[in-house]
Amino acid sequence: MFPNSILGRPPFTPNHQQHNNFFTLSPTVYSHQQLIDAQFNFQNADLSRAVSLQQLTYGNVSPIQTSASPLFRGRKRLSDEKNLPLDGKRQRFHSPHQEPTVVNQIVPLSGERRYSMPPLFHTHYVPDIVRCVPPFREIPFLEPREITLPEAKDKLSHQILELFETCQQQISDLKKKELCRTQLQREIQLLFPRMFPYFACPLESRLFLVGSSLNGFGTRSSDGDLCLVVKEEPVNQKTEARHILTLVHKHFCTRLSGYIERPQLIRAKVPIVKFRDKVSCVEFDLNVNNIVGIRNTFLLRTYAYLENRVRPLVLVIKKWASHHQINDASRGTLSSYSLVLMVLHYLQTLPEPILPSLQKIYPESFSPAIQLHLVHQAPCNVPPYLSKNESNLGDLLLGFLKYYATEFDWNSQMISVREAKAIPRPDGIEWRNKYICVEEPFDGTNTARAVHEKQKFDMIKDQFLKSWHRLKNKRDLNSILPVRVAVLKR
């Protein structure tokens with residue numbers, strides 16, 4: 001996908017020979033003067049962890065030797081350094097004889113499908129001392145959890161299950177997106193010191209795959225959502241994020257124009273760059289530091305695999321909403337995220353709940369204070385939920401439509417997955433004069449704020465009511481969603 005990228009060569013070492021995510025450090029230690037010189041030449045880099053030289057290996061390839069030449073060309077060494085051993089002298093940042101090293105070791109695909117990625121460019125502007133810093137821990141590639149699908153004893157449930165099995169995102173789809181994320185992250189990290197010199201450390205730039213691609217609710221046609229994290233602190237979306245994305249967009253249009261097509265900068269409340277990967281033909285949306293999206297991805301992923309009826313129900317409802325044109329936040333209707341939260345809320349509020357509130361039961365696993373490289377561990381700490389509710393998929397779909405058509409009070413209530421119930425609307429300005437209120441589980445904002453026109457709100461309510469009546473009378477999924485059309489769209 002990107003320049004100089006050679007897929008599948010060389011392979012990673014077998015599992016029993018692999019080390020952890022951090023590179024092995026050699027015993028050679030930098031002198032105090034080396035660190036001062038490095039800070040002088042790369043003043044914004046966080047070098048607190050740059051304490052050792054190291055040998056970098058790729059599979060069975062021999063270690064890459066780091067250069068022992070002077071730090072700066074043409075600069076005279078200090079007299080007290082002349083007697084230092086060779087490996088203790090300052091390195092030259094721009095040595096033309098130095099072999100390229102790898103900036104970050106992204107966690108590879110699991111099992112026999114693991115491949116290492118060679119460096120994309122022989123860049124000269126990334127200092128050796130920064131290249132040798134152990135990388136941030138990455139969220140590993142997550143294989144979908146094996147889960148037994150529910151039984152379908154009636155026609156409607158069978159249609160829902162069949163649609164789900166045909167349209168659900170496949171592992172191959174996810175791996176295409178992960179490969180693009182991996183290569184794009186390397187590209188951004190190599191360019192980071194030149195593009196964004198005012199941030200603390202170039203290695204703090206990490207690219208996360210988020211949204212439906214990873215939360216368990218993706219389809220074969222789902223776009224990829226990427227979050228570029230440049231620092232742990234919040235970023236002003238109107239200024240900093242927009243400026244960073246402007247530079248990224250410019251880079252996509254120039255240097256990566258052969259590999260990325262149709263890059264477009266969208267100046268929304270959370271600005272994004274939309275683009276298409278020519279190799280995988282996947283559409284991507286890239287934002288900057290929308291960290292809540294990383295956290296809610298793994299919260300939703302936990303709900304998705306908590307009970308085996310959740311994913312098929314969510315998929316068919318997303319297909320239904322898309323078919324009736326009420327699943328597009330850019331056009332003033334519901335986002336896919338809001339729809340998923342609405343389904344989870346409904347399953348939490350049944351007389352015999354199918355889902356609990358994970359944030360209430362496991363507050364330590366879903367705390368907003370958890371560091372980003374640990375958020376992926378939350379789903380591993382939550383066992384499957386055993387519900388006494390034995391409703392089939394057909395009954396749950398019918399109940400979902402009925403709940404929002406006749407039972408939920410849109411005027412005074414707010415949907416809250418965090419509380420596992422409908423709660424009174426807040427009196428804040430964000431909630432005032434809003435037609436639909438869906439609470440974001442982490443930051444408490446309104447995920448359905450795009451529905452700001454009464455005409456669109458009435459259209460959404462009307463579709464719930466009409467679909468409920470049709471499905472109740474015919475008990476056939478085709479009465480509200482042409483299955484063949486939905487399958488063709490995947």
# chains A, B, ... in the order shown; residues from 1 in each chain; ligands from 1
>>> residues_around(residues="Val485 in chain A", least_positions_apart="2", cutoff="12 Å", atoms="only C-alpha atoms", output="list in words")
Leu163, Cys167, Lys319, Trp320, Ser322, His323, Asn478, Ile480, Leu481, Pro482, Val483, Val487, Leu488, Lys489 and Arg490 of chain A
>>> write_last_selection(atoms="N, CA, C and O atoms", output="PDB file, in the first residue's frame")
ATOM      1  N   LEU A 163     -29.091 -13.510   7.641  1.00  0.00           N
ATOM      2  CA  LEU A 163     -28.573 -12.205   7.219  1.00  0.00           C
ATOM      3  C   LEU A 163     -27.287 -11.871   7.960  1.00  0.00           C
ATOM      4  O   LEU A 163     -26.317 -11.379   7.368  1.00  0.00           O
ATOM      5  N   CYS A 167     -23.599 -11.237   6.213  1.00  0.00           N
ATOM      6  CA  CYS A 167     -23.118  -9.850   6.140  1.00  0.00           C
ATOM      7  C   CYS A 167     -22.114  -9.467   7.222  1.00  0.00           C
ATOM      8  O   CYS A 167     -21.522  -8.389   7.136  1.00  0.00           O
ATOM      9  N   LYS A 319     -28.997  -2.587   9.324  1.00  0.00           N
ATOM     10  CA  LYS A 319     -29.408  -2.771   7.926  1.00  0.00           C
ATOM     11  C   LYS A 319     -30.792  -2.176   7.687  1.00  0.00           C
ATOM     12  O   LYS A 319     -31.041  -1.532   6.654  1.00  0.00           O
ATOM     13  N   TRP A 320     -31.697  -2.395   8.626  1.00  0.00           N
ATOM     14  CA  TRP A 320     -33.049  -1.844   8.521  1.00  0.00           C
ATOM     15  C   TRP A 320     -33.020  -0.319   8.492  1.00  0.00           C
ATOM     16  O   TRP A 320     -33.660   0.318   7.645  1.00  0.00           O
ATOM     17  N   SER A 322     -30.518   1.670   7.712  1.00  0.00           N
ATOM     18  CA  SER A 322     -29.867   2.150   6.499  1.00  0.00           C
ATOM     19  C   SER A 322     -30.805   2.063   5.298  1.00  0.00           C
ATOM     20  O   SER A 322     -30.854   2.976   4.467  1.00  0.00           O
ATOM     21  N   HIS A 323     -31.565   0.976   5.212  1.00  0.00           N
ATOM     22  CA  HIS A 323     -32.505   0.803   4.096  1.00  0.00           C
ATOM     23  C   HIS A 323     -33.571   1.899   4.089  1.00  0.00           C
ATOM     24  O   HIS A 323     -33.982   2.372   3.023  1.00  0.00           O
ATOM     25  N   ASN A 478     -38.702  -9.618   5.268  1.00  0.00           N
ATOM     26  CA  ASN A 478     -38.825  -8.927   3.985  1.00  0.00           C
ATOM     27  C   ASN A 478     -39.887  -7.826   4.007  1.00  0.00           C
ATOM     28  O   ASN A 478     -39.875  -6.946   3.150  1.00  0.00           O
ATOM     29  N   ILE A 480     -40.116  -5.495   6.130  1.00  0.00           N
ATOM     30  CA  ILE A 480     -39.500  -4.225   6.561  1.00  0.00           C
ATOM     31  C   ILE A 480     -38.099  -4.033   5.992  1.00  0.00           C
ATOM     32  O   ILE A 480     -37.564  -2.924   6.019  1.00  0.00           O
ATOM     33  N   LEU A 481     -37.495  -5.123   5.488  1.00  0.00           N
ATOM     34  CA  LEU A 481     -36.131  -5.047   4.947  1.00  0.00           C
ATOM     35  C   LEU A 481     -35.956  -6.123   3.883  1.00  0.00           C
ATOM     36  O   LEU A 481     -35.898  -7.310   4.213  1.00  0.00           O
ATOM     37  N   PRO A 482     -35.894  -5.736   2.594  1.00  0.00           N
ATOM     38  CA  PRO A 482     -35.664  -6.738   1.536  1.00  0.00           C
ATOM     39  C   PRO A 482     -34.325  -7.438   1.764  1.00  0.00           C
ATOM     40  O   PRO A 482     -33.257  -6.840   1.613  1.00  0.00           O
ATOM     41  N   VAL A 483     -34.395  -8.717   2.106  1.00  0.00           N
ATOM     42  CA  VAL A 483     -33.180  -9.442   2.503  1.00  0.00           C
ATOM     43  C   VAL A 483     -32.175  -9.525   1.370  1.00  0.00           C
ATOM     44  O   VAL A 483     -30.972  -9.366   1.584  1.00  0.00           O
ATOM     45  N   VAL A 487     -28.348  -8.248   1.478  1.00  0.00           N
ATOM     46  CA  VAL A 487     -27.221  -9.156   1.281  1.00  0.00           C
ATOM     47  C   VAL A 487     -26.292  -8.637   0.184  1.00  0.00           C
ATOM     48  O   VAL A 487     -25.070  -8.708   0.308  1.00  0.00           O
ATOM     49  N   LEU A 488     -26.855  -8.082  -0.887  1.00  0.00           N
ATOM     50  CA  LEU A 488     -26.032  -7.555  -1.976  1.00  0.00           C
ATOM     51  C   LEU A 488     -25.171  -6.398  -1.505  1.00  0.00           C
ATOM     52  O   LEU A 488     -24.025  -6.235  -1.935  1.00  0.00           O
ATOM     53  N   LYS A 489     -25.704  -5.593  -0.592  1.00  0.00           N
ATOM     54  CA  LYS A 489     -24.931  -4.463  -0.060  1.00  0.00           C
ATOM     55  C   LYS A 489     -23.926  -4.916   0.979  1.00  0.00           C
ATOM     56  O   LYS A 489     -23.015  -4.166   1.317  1.00  0.00           O
ATOM     57  N   ARG A 490     -24.131  -6.102   1.532  1.00  0.00           N
ATOM     58  CA  ARG A 490     -23.255  -6.689   2.556  1.00  0.00           C
ATOM     59  C   ARG A 490     -23.145  -5.781   3.765  1.00  0.00           C
ATOM     60  O   ARG A 490     -22.154  -5.724   4.442  1.00  0.00           O
TER      61      ARG A 490
END
>>> closest_residue(among="A:Arg276, A:His249, A:Lys434, A:Lys360", to="Glu261 in chain A", atoms="only C-alpha atoms")
A:Arg276
>>> residues_around(residues="Val382 in chain A", least_positions_apart="4", cutoff="9 Å", atoms="only C-alpha atoms", output="MDAnalysis selection string")
chainID A and resid 302 306 358 362 365 378
>>> residues_around(residues="range 449-452 of chain A", least_positions_apart="4", cutoff="8 Å", atoms="only C-alpha atoms", output="ChimeraX atom specification")
/A:329-334,434-437,456-457
>>> select_by_dssp(residues="range 178-379 of chain A", states="strand (DSSP E or B)", output="MDAnalysis selection string")
chainID A and resid 206:210 219 224:229 260:266 272:277 283:288
>>> atom_distance(atom1="CA of Val314 in chain A", atom2="CA of Ser213 in chain A")
13.9 Å
>>> closest_residue(among="A:Arg220, A:Val288, A:His373, A:Glu283", to="Glu240 in chain A", atoms="only C-alpha atoms")
A:Val288
>>> atom_distance(atom1="CA of Ser412 in chain A", atom2="CA of Val438 in chain A")
12.0 Å
>>> residues_around(residues="range 462-472 of chain A", least_positions_apart="2", cutoff="6 Å", atoms="only C-alpha atoms", output="PDB file with C-alpha atoms, in the first residue's frame")
ATOM      1  CA  LEU A 401     -39.421  -1.520  17.212  1.00  0.00           C
ATOM      2  CA  LYS A 402     -42.380  -1.445  19.594  1.00  0.00           C
ATOM      3  CA  ALA A 405     -42.518   3.398  18.610  1.00  0.00           C
ATOM      4  CA  ASP A 458     -40.743  12.644  12.742  1.00  0.00           C
ATOM      5  CA  MET A 459     -39.404  10.501   9.884  1.00  0.00           C
ATOM      6  CA  ILE A 460     -37.464   8.347  12.352  1.00  0.00           C
ATOM      7  CA  LYS A 474     -46.452 -10.628   8.735  1.00  0.00           C
ATOM      8  CA  ARG A 475     -43.573 -11.948  10.884  1.00  0.00           C
ATOM      9  CA  ILE A 480     -39.500  -4.225   6.561  1.00  0.00           C
TER      10      ILE A 480
END
>>> select_by_dssp(residues="range 322-479 of chain A", states="alpha helix (DSSP H)", output="PyMOL selection string")
chain A and resi 322-323+336-348+358-361+393-402+454-474
>>> atom_distance(atom1="CA of Gln185 in chain A", atom2="CA of Val229 in chain A")
10.5 Å
